[in-house]
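Printed here is data-v9.cif (mmCIF, C-alpha atoms):
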data_start
#
loop_
_atom_site.label_atom_id
_atom_site.label_comp_id
_atom_site.auth_asym_id
_atom_site.auth_seq_id
_atom_site.Cartn_x
_atom_site.Cartn_y
_atom_site.Cartn_z
CA MET A 4 0.00 0.00 0.00
CA ALA A 5 2.81 2.41 0.92
CA LYS A 6 4.57 1.72 -2.36
CA SER A 7 1.37 2.29 -4.29
CA LEU A 8 0.75 5.61 -2.54
CA LYS A 9 4.31 6.72 -3.20
CA ALA A 10 3.99 5.88 -6.88
CA MET A 11 0.70 7.77 -7.10
CA LEU A 12 2.14 10.91 -5.52
CA LYS A 13 5.17 10.74 -7.79
CA THR A 14 2.92 10.66 -10.82
CA THR A 15 0.70 13.44 -9.54
CA LEU A 16 3.49 15.78 -8.47
CA GLY A 17 6.17 14.93 -11.06
CA ARG A 18 5.91 15.14 -14.83
CA GLY A 19 2.33 13.84 -14.71
CA PRO A 20 0.82 17.35 -14.42
CA LEU A 21 2.83 18.52 -17.41
CA ASN A 22 1.64 15.71 -19.64
CA GLN A 23 -1.92 15.97 -18.37
CA MET A 24 -2.16 19.70 -19.02
CA ARG A 25 -0.58 19.40 -22.43
CA SER A 26 -3.09 16.71 -23.34
CA VAL A 27 -5.99 18.92 -22.25
CA LEU A 28 -4.74 22.01 -24.07
CA ARG A 29 -4.03 20.18 -27.34
CA THR A 30 -7.73 19.40 -27.75
CA ILE A 31 -9.00 22.94 -27.09
CA GLY A 32 -10.12 24.70 -30.23
CA VAL A 33 -9.97 21.44 -32.18
CA GLN A 34 -12.31 18.86 -30.63
CA ASN A 35 -13.18 20.62 -27.39
CA MET A 36 -13.68 24.02 -25.83
CA PHE A 37 -13.76 25.30 -22.28
CA LEU A 38 -17.09 26.32 -20.78
CA VAL A 39 -17.04 28.55 -17.70
CA HIS A 40 -19.41 27.42 -14.96
CA SER A 41 -18.67 30.30 -12.60
CA CYS A 42 -16.20 33.16 -12.34
CA GLY A 43 -16.13 35.70 -9.54
CA ARG A 44 -14.01 38.45 -8.11
CA MET A 45 -14.14 38.54 -4.37
CA GLU A 46 -12.40 39.92 -1.33
CA VAL A 47 -12.98 36.99 0.97
CA LYS A 48 -14.69 37.50 4.27
CA PRO A 49 -13.51 36.15 7.63
CA ARG A 50 -13.51 32.35 7.83
CA TRP A 51 -13.21 31.85 4.10
CA GLY A 52 -12.05 28.41 3.08
CA PHE A 53 -13.20 24.85 2.50
CA ASP A 54 -12.17 21.38 3.65
CA ARG A 55 -11.40 18.36 1.47
CA ARG A 56 -13.41 19.31 -1.58
CA VAL A 57 -13.49 17.25 -4.78
CA ASN A 58 -15.09 18.90 -7.82
CA ARG A 59 -16.29 17.57 -11.11
CA ASN A 60 -15.16 20.81 -12.78
CA PHE A 61 -11.71 22.30 -13.25
CA PHE A 62 -10.82 24.95 -10.68
CA LEU A 63 -8.55 27.94 -11.34
CA LEU A 64 -7.65 30.61 -8.81
CA MET A 65 -5.57 33.78 -8.89
CA VAL A 66 -4.70 35.77 -5.77
CA LEU A 67 -4.71 39.54 -6.36
CA ASP A 68 -3.53 40.38 -2.84
CA GLY A 69 -3.76 39.07 0.71
CA LYS A 70 -2.71 35.66 2.02
CA GLY A 71 -3.91 32.17 2.75
CA VAL A 72 -3.11 28.49 2.27
CA PHE A 73 -4.15 26.01 -0.43
CA ARG A 74 -3.67 22.24 -0.18
CA ALA A 75 -3.73 19.73 -3.03
CA GLY A 76 -1.97 16.48 -3.85
CA GLY A 77 -0.36 16.25 -0.42
CA ARG A 78 1.25 19.68 -0.78
CA THR A 79 0.64 22.94 1.07
CA ILE A 80 0.76 25.98 -1.21
CA PRO A 81 1.03 29.49 0.27
CA LEU A 82 -1.45 31.93 -1.23
CA HIS A 83 -0.17 35.44 -1.86
CA LYS A 84 -0.28 38.11 -4.55
CA GLY A 85 0.49 36.59 -7.94
CA ARG A 86 -0.17 32.99 -6.93
CA ILE A 87 -2.17 30.97 -9.47
CA VAL A 88 -3.47 27.47 -8.79
CA PHE A 89 -5.10 25.04 -11.20
CA VAL A 90 -6.87 21.90 -9.92
CA SER A 91 -8.33 19.29 -12.24
CA ASN A 92 -11.59 17.47 -11.70
CA GLY A 93 -11.30 14.66 -9.16
CA MET A 94 -8.38 16.23 -7.25
CA GLU A 95 -9.04 16.68 -3.55
CA HIS A 96 -8.17 20.17 -2.36
CA SER A 97 -8.80 22.58 0.50
CA ALA A 98 -8.08 26.20 1.36
CA GLU A 99 -8.08 28.66 4.22
CA GLN A 100 -7.41 32.35 4.62
CA ASP A 101 -4.92 34.31 6.64
CA ILE A 102 -7.20 35.85 9.28
CA ASP A 103 -5.07 38.99 9.53
CA ASP A 104 -4.77 39.48 5.77
CA PRO A 105 -7.55 37.64 3.89
CA PRO A 106 -6.96 37.24 0.15
CA ASN A 107 -8.64 39.02 -2.72
CA ILE A 108 -9.20 36.36 -5.38
CA ILE A 109 -10.64 35.54 -8.79
CA PRO A 110 -11.87 31.91 -8.73
CA VAL A 111 -13.01 30.16 -11.91
CA ARG A 112 -14.80 26.85 -12.35
CA PHE A 113 -15.01 25.41 -15.84
CA TYR A 114 -15.04 22.18 -17.84
CA THR A 115 -14.49 20.90 -21.38
CA TYR A 116 -17.22 20.10 -23.85
CA ASP A 117 -17.27 18.44 -27.27
CA VAL A 118 -17.56 21.04 -30.05
CA ALA A 119 -19.42 18.65 -32.37
CA THR A 120 -22.01 17.34 -29.90
CA GLY A 121 -22.11 20.13 -27.32
CA GLU A 122 -21.86 17.52 -24.57
CA ARG A 123 -19.57 17.66 -21.56
CA ARG A 124 -16.36 15.71 -22.04
CA ASP A 125 -13.88 14.74 -19.32
CA VAL A 126 -10.43 14.70 -20.88
CA THR A 127 -8.14 14.13 -17.88
CA GLN A 128 -6.72 10.68 -17.27
CA GLN A 129 -6.12 11.24 -13.56
CA PRO A 130 -6.40 14.13 -11.07
CA PHE A 131 -3.58 16.68 -11.09
CA PHE A 132 -2.79 20.27 -10.16
CA LEU A 133 -0.37 23.05 -11.06
CA SER A 134 0.77 26.00 -8.96
CA LEU A 135 2.57 29.11 -10.15
CA ALA A 136 3.94 32.13 -8.29
CA THR A 137 4.01 34.32 -11.39
CA THR A 138 6.66 36.91 -12.07
CA ASN A 139 4.17 38.77 -14.28
CA ALA A 140 1.18 39.33 -12.03
CA VAL A 141 -0.06 42.33 -14.03
CA LYS A 142 -0.38 40.34 -17.25
CA PHE A 143 -2.21 37.44 -15.61
CA GLN A 144 -4.46 39.75 -13.59
CA GLU A 145 -5.52 41.51 -16.78
CA MET A 146 -6.45 38.16 -18.36
CA PHE A 147 -8.35 37.01 -15.27
CA GLU A 148 -10.22 40.31 -15.03
CA SER A 149 -11.03 40.20 -18.72
CA LEU A 150 -12.38 36.67 -18.24
CA HIS A 151 -14.50 37.81 -15.32
CA GLY A 152 -15.78 40.82 -17.21
CA GLN A 153 -16.73 38.82 -20.28
CA HIS A 154 -18.42 36.03 -18.34
CA VAL A 155 -20.25 38.07 -15.73
CA ILE A 156 -20.67 41.56 -17.15
CA ALA A 157 -20.54 41.57 -20.95
CA ARG A 158 -22.33 38.28 -21.64
CA GLY A 159 -22.15 38.97 -25.39
CA ALA A 160 -22.78 36.71 -28.37
CA PHE A 161 -19.15 35.54 -28.42
CA ARG A 162 -18.93 35.06 -24.67
CA THR A 163 -18.31 31.28 -24.71
CA GLY A 164 -15.62 31.33 -27.37
CA TYR A 165 -13.89 34.36 -25.90
CA CYS A 166 -13.82 32.87 -22.40
CA SER A 167 -12.50 29.57 -23.75
CA THR A 168 -9.72 31.38 -25.60
CA LEU A 169 -8.77 33.37 -22.49
CA LEU A 170 -8.63 30.23 -20.36
CA HIS A 171 -6.51 28.50 -22.98
CA HIS A 172 -4.16 31.51 -23.01
CA ILE A 173 -3.90 31.61 -19.21
CA LEU A 174 -3.11 27.91 -18.91
CA CYS A 175 -0.60 27.97 -21.78
CA ASP A 176 1.16 30.93 -20.16
CA MET A 177 1.20 29.07 -16.85
CA LEU A 178 3.09 26.21 -18.49
CA PHE A 179 5.41 28.64 -20.22
CA GLU A 180 6.33 30.49 -17.05
CA LEU A 181 6.67 27.33 -15.01
CA GLY A 182 9.30 26.27 -17.53
CA LEU A 183 7.48 23.00 -18.08
CA ASP A 184 6.50 23.44 -21.71
CA ARG A 185 9.99 22.80 -23.04
CA PRO A 186 11.62 19.88 -24.88
CA GLY A 187 12.00 17.07 -22.36
CA GLY A 188 10.23 19.10 -19.68
CA ALA A 189 13.45 20.97 -18.89
CA ILE A 190 13.38 23.68 -16.25
CA ARG A 191 13.79 27.20 -17.68
CA ASP A 192 16.92 29.22 -17.06
CA LYS A 193 15.81 32.85 -16.64
CA ARG A 194 18.92 34.14 -18.41
CA ILE A 195 18.01 32.18 -21.54
CA ALA A 196 14.34 33.14 -21.18
CA GLY A 197 15.37 36.79 -21.09
CA VAL A 198 17.33 36.51 -24.33
CA GLN A 199 14.50 34.55 -25.94
CA GLN A 200 12.06 37.32 -25.04
CA PHE A 201 14.46 39.96 -26.35
CA ILE A 202 14.73 38.19 -29.72
CA ALA A 203 10.97 37.67 -29.96
CA GLU A 204 10.25 41.33 -29.18
CA ASN A 205 13.01 42.69 -31.44
CA PRO A 206 12.80 40.68 -34.67
CA LEU A 207 14.85 43.25 -36.61
CA ASP A 208 17.78 43.08 -34.19
CA ARG A 209 20.94 41.59 -35.69
CA SER A 210 22.90 40.82 -32.51
CA ASN A 211 25.51 38.11 -33.00
CA ILE A 212 26.03 35.13 -30.68
CA ARG A 213 28.70 36.93 -28.67
CA GLU A 214 26.37 39.87 -28.02
CA LEU A 215 23.46 37.60 -27.10
CA ALA A 216 25.71 35.59 -24.76
CA GLU A 217 26.84 38.82 -23.08
CA ARG A 218 23.20 39.80 -22.62
CA ALA A 219 22.69 36.49 -20.77
CA GLY A 220 25.96 36.86 -18.84
CA LEU A 221 27.28 33.56 -20.20
CA SER A 222 30.14 32.36 -22.37
CA GLU A 223 29.28 31.90 -26.06
CA LYS A 224 29.73 28.13 -25.92
CA TYR A 225 27.66 27.59 -22.80
CA PHE A 226 25.00 30.07 -23.92
CA THR A 227 24.56 28.31 -27.28
CA ARG A 228 24.37 24.87 -25.67
CA LEU A 229 21.94 25.98 -22.97
CA PHE A 230 19.76 27.93 -25.42
CA ARG A 231 19.42 24.94 -27.73
CA LYS A 232 18.66 22.60 -24.83
CA GLN A 233 15.99 24.92 -23.42
CA ILE A 234 14.38 26.34 -26.58
CA GLY A 235 14.93 23.38 -28.90
CA VAL A 236 16.79 25.34 -31.62
CA THR A 237 20.01 27.34 -31.87
CA PRO A 238 19.98 31.08 -31.10
CA LYS A 239 20.62 31.81 -34.79
CA SER A 240 17.67 29.65 -35.88
CA TYR A 241 15.43 31.36 -33.33
CA GLN A 242 16.48 34.79 -34.63
CA VAL A 243 15.66 33.75 -38.20
CA SER A 244 12.31 32.33 -37.09
CA SER A 245 11.44 35.53 -35.22
CA ARG A 246 12.44 37.64 -38.22
CA LEU A 247 10.39 35.56 -40.66
CA ASN A 248 7.35 35.55 -38.37
CA HIS A 249 7.56 39.33 -38.36
CA ALA A 250 7.84 39.30 -42.16
CA ARG A 251 4.71 37.19 -42.42
CA THR A 252 2.84 39.64 -40.20
CA LEU A 253 3.90 42.50 -42.49
CA LEU A 254 2.73 40.53 -45.53
CA GLU A 255 -0.63 39.81 -43.96
CA GLN A 256 -1.26 43.15 -42.30
CA THR A 257 0.27 45.75 -44.65
CA SER A 258 0.48 46.56 -48.35
CA MET A 259 4.29 46.51 -48.35
CA SER A 260 5.88 44.70 -51.27
CA VAL A 261 8.12 41.67 -50.88
CA LYS A 262 11.07 43.85 -51.89
CA GLU A 263 10.20 46.47 -49.28
CA ILE A 264 9.86 43.87 -46.52
CA ALA A 265 13.16 42.27 -47.50
CA GLY A 266 14.74 45.70 -47.18
CA VAL A 267 13.20 46.35 -43.75
CA LEU A 268 14.53 42.99 -42.55
CA GLU A 269 17.97 43.87 -44.01
CA TYR A 270 18.20 40.93 -46.41
CA PRO A 271 20.81 41.43 -49.18
CA ASP A 272 18.12 40.99 -51.84
CA PRO A 273 14.48 39.83 -52.17
CA TYR A 274 15.53 36.48 -53.64
CA VAL A 275 17.46 35.47 -50.50
CA PHE A 276 14.53 36.56 -48.35
CA SER A 277 11.97 34.68 -50.47
CA LYS A 278 14.08 31.52 -50.47
CA GLN A 279 14.46 31.56 -46.68
CA PHE A 280 10.78 32.41 -46.18
CA LYS A 281 9.65 29.47 -48.34
CA ALA A 282 12.04 27.09 -46.59
CA HIS A 283 10.58 28.15 -43.23
CA PHE A 284 6.86 28.30 -44.04
CA GLY A 285 6.60 26.01 -47.05
CA VAL A 286 5.12 28.80 -49.17
CA ALA A 287 6.61 31.77 -51.00
CA PRO A 288 5.93 35.29 -49.64
CA SER A 289 3.71 35.99 -52.65
CA GLY A 290 1.56 33.00 -51.69
CA VAL A 291 0.67 34.45 -48.31
CA ARG A 292 -1.51 37.18 -49.83
#
Kindly return the structure encoded in the file as structure tokens.
Amino acid sequence: MAKSLKAMLKTTLGRGPLNQMRSVLRTIGVQNMFLVHSCGRMEVKPRWGFDRRVNRNFFLLMVLDGKGVFRAGGRTIPLHKGRIVFVSNGMEHSAEQDIDDPPNIIPVRFYTYDVATGERRDVTQQPFFLSLATTNAVKFQEMFESLHGQHVIARGAFRTGYCSTLLHHILCDMLFELGLDRPGGAIRDKRIAGVQQFIAENPLDRSNIRELAERAGLSEKYFTRLFRKQIGVTPKSYQVSSRLNHARTLLEQTSMSVKEIAGVLEYPDPYVFSKQFKAHFGVAPSGVR
């Protein structure tokens, strides 16, 4: 019995949550969508909390401020500003507030349903949970508040689809920040993540490997090896990908010619740009329009 319990906890707390969440998210927008059952914004009153609850729905919680404690999967998770917790259906969990500083929270209950039939569909193989102390509380709070506003206040014609998309975005960003959604489930190095973000946000930048390594505070050799291990491609390949993604956006959203875009991206000539674009996307720039 002890061995069985140990194995179960290892699955629940190890890479199991990663694989479970990935499996859920891969179906959203294809076979399934999320449907919000309830979403509130509340400054909890004295004696807030619940004991040993098991829900049929998914449960998602973000703490805007204040403190408390959340328990799931045999772990005790401190609640504080920026803490986000996801609990799947079937996972026993409980919570309690800090009496001196009760939390202000946005709790969401939701489930998946089949797009074709409109019927509820349970997609998890076993109960699991994820917990994140985000480093970008403002971004997540905006998404949670937008979700609350759309579900409770706006209630427009596109409410269901919009809420499903927001939930999908929130959960994908949770995986991203946790460093779990990487090849082999590798833990993220913040130095590499910082360079990755810089490249993604500055697609026209032409920094070489030495300059990128200096930005990360690493040697060129170690930076290149760590970047490839964490991101799955070399820094140079990621720069090219970022540049070409930007080019595609310009093709789709502006009237700029292929020659003009090649010039903006500092390619030596349109032919080189077109050849690289087709190799990356499988279609020539002219085929995008």
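On the file presented, the PyMOL selection byres ((chain A and resi 198) around 10) picks out Lys193, Arg194, Ile195, Ala196, Gly197, Gln199, Gln200, Phe201, Ile202, Ala203, Glu204, Leu215, Ala216, Glu217, Arg218, Ala219, Phe230 and Pro238 of chain A.
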Please dump the current selection as an mmCIF file, keeping the file's coordinate frame; keep C-alpha atoms.
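Writing the result to again.cif gives the following:
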data_model
loop_
_atom_site.group_PDB
_atom_site.id
_atom_site.type_symbol
_atom_site.label_atom_id
_atom_site.label_comp_id
_atom_site.auth_asym_id
_atom_site.auth_seq_id
_atom_site.Cartn_x
_atom_site.Cartn_y
_atom_site.Cartn_z
ATOM 1 C CA LYS A 193 15.810 32.850 -16.640
ATOM 2 C CA ARG A 194 18.920 34.140 -18.410
ATOM 3 C CA ILE A 195 18.010 32.180 -21.540
ATOM 4 C CA ALA A 196 14.340 33.140 -21.180
ATOM 5 C CA GLY A 197 15.370 36.790 -21.090
ATOM 6 C CA GLN A 199 14.500 34.550 -25.940
ATOM 7 C CA GLN A 200 12.060 37.320 -25.040
ATOM 8 C CA PHE A 201 14.460 39.960 -26.350
ATOM 9 C CA ILE A 202 14.730 38.190 -29.720
ATOM 10 C CA ALA A 203 10.970 37.670 -29.960
ATOM 11 C CA GLU A 204 10.250 41.330 -29.180
ATOM 12 C CA LEU A 215 23.460 37.600 -27.100
ATOM 13 C CA ALA A 216 25.710 35.590 -24.760
ATOM 14 C CA GLU A 217 26.840 38.820 -23.080
ATOM 15 C CA ARG A 218 23.200 39.800 -22.620
ATOM 16 C CA ALA A 219 22.690 36.490 -20.770
ATOM 17 C CA PHE A 230 19.760 27.930 -25.420
ATOM 18 C CA PRO A 238 19.980 31.080 -31.100
#
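If you measure from each of A:Asn205, A:Ser97, A:Thr115, A:Thr127 to Gly76 of chain A using all atoms listed in the file, the closest one turns out to be A:Ser97.
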>> List the spatial neighbours of Lys281 of chain A as an MDAnalysis selection string - criterion: any atom at most 12 Å away, all atoms listed in the file, same-chain residues fewer than 6 positions off excluded.
In response: chainID A and resid 244 247:248 250:251 274:275 287:291
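Minimum distance to Asp68 of chain A across A:Phe280, A:Asn107, A:Phe53, A:His40 (counting only C-alpha atoms) occurs at A:Asn107.
Between atom CA of Ile102 of chain A and atom CA of Val72 of chain A the interatomic distance comes to 11.0 Å.
Proximity ranking of A:Ile156, A:Leu135, A:Val47, A:Met94 relative to Ile80 of chain A places A:Leu135 first, based on only C-alpha atoms.
Note that atom CA of Gly52 of chain A and atom CA of Leu150 of chain A are 22.9 Å apart.
Distances from A:Val27, A:Val126, A:Gln144, A:Glu223 to Leu174 of chain A were compared using all atoms listed in the file, and the smallest one belongs to A:Val27.
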> So which residues get picked by the PyMOL selection byres ((chain A and resi 31) around 10) here, written as a list in words?
Replying inline: Ser26, Val27, Leu28, Arg29, Thr30, Gly32, Val33, Gln34, Asn35, Met36, Phe37, Thr115, Tyr116, Asp117, Val118, Ser167, Thr168, Leu170 and His171 of chain A
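Atom CA of Asp208 of chain A to atom CA of Met146 of chain A spans 29.4 Å [interatomic distance, one decimal].
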> Using the chain letters and numbers from the file, which residues does the PyMOL selection byres ((chain A and resi 67) around 10) grab, as a ChimeraX atom specification?
Replying inline: /A:44-46,64-66,68-70,82-87,106-109,140-141,143-144,147
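Counting all atoms listed in the file and comparing A:Ser245, A:Leu178, A:Tyr114, A:Lys232, the residue that lies closest to Cys166 of chain A is A:Tyr114.
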Once you count all atoms listed in the file, which residues end up no further than 10 Å from (12.4, 43.9, -45.3) in the file's frame, shown as a PDB file with C-alpha atoms, in the coordinates of the input?
ATOM      1  CA  LEU A 207      14.850  43.250 -36.610  1.00  0.00           C
ATOM      2  CA  ARG A 246      12.440  37.640 -38.220  1.00  0.00           C
ATOM      3  CA  LEU A 247      10.390  35.560 -40.660  1.00  0.00           C
ATOM      4  CA  HIS A 249       7.560  39.330 -38.360  1.00  0.00           C
ATOM      5  CA  ALA A 250       7.840  39.300 -42.160  1.00  0.00           C
ATOM      6  CA  LEU A 253       3.900  42.500 -42.490  1.00  0.00           C
ATOM      7  CA  MET A 259       4.290  46.510 -48.350  1.00  0.00           C
ATOM      8  CA  SER A 260       5.880  44.700 -51.270  1.00  0.00           C
ATOM      9  CA  VAL A 261       8.120  41.670 -50.880  1.00  0.00           C
ATOM     10  CA  LYS A 262      11.070  43.850 -51.890  1.00  0.00           C
ATOM     11  CA  GLU A 263      10.200  46.470 -49.280  1.00  0.00           C
ATOM     12  CA  ILE A 264       9.860  43.870 -46.520  1.00  0.00           C
ATOM     13  CA  ALA A 265      13.160  42.270 -47.500  1.00  0.00           C
ATOM     14  CA  GLY A 266      14.740  45.700 -47.180  1.00  0.00           C
ATOM     15  CA  VAL A 267      13.200  46.350 -43.750  1.00  0.00           C
ATOM     16  CA  LEU A 268      14.530  42.990 -42.550  1.00  0.00           C
ATOM     17  CA  GLU A 269      17.970  43.870 -44.010  1.00  0.00           C
ATOM     18  CA  TYR A 270      18.200  40.930 -46.410  1.00  0.00           C
ATOM     19  CA  PRO A 271      20.810  41.430 -49.180  1.00  0.00           C
ATOM     20  CA  ASP A 272      18.120  40.990 -51.840  1.00  0.00           C
ATOM     21  CA  PRO A 273      14.480  39.830 -52.170  1.00  0.00           C
ATOM     22  CA  PHE A 276      14.530  36.560 -48.350  1.00  0.00           C
TER      23      PHE A 276
END
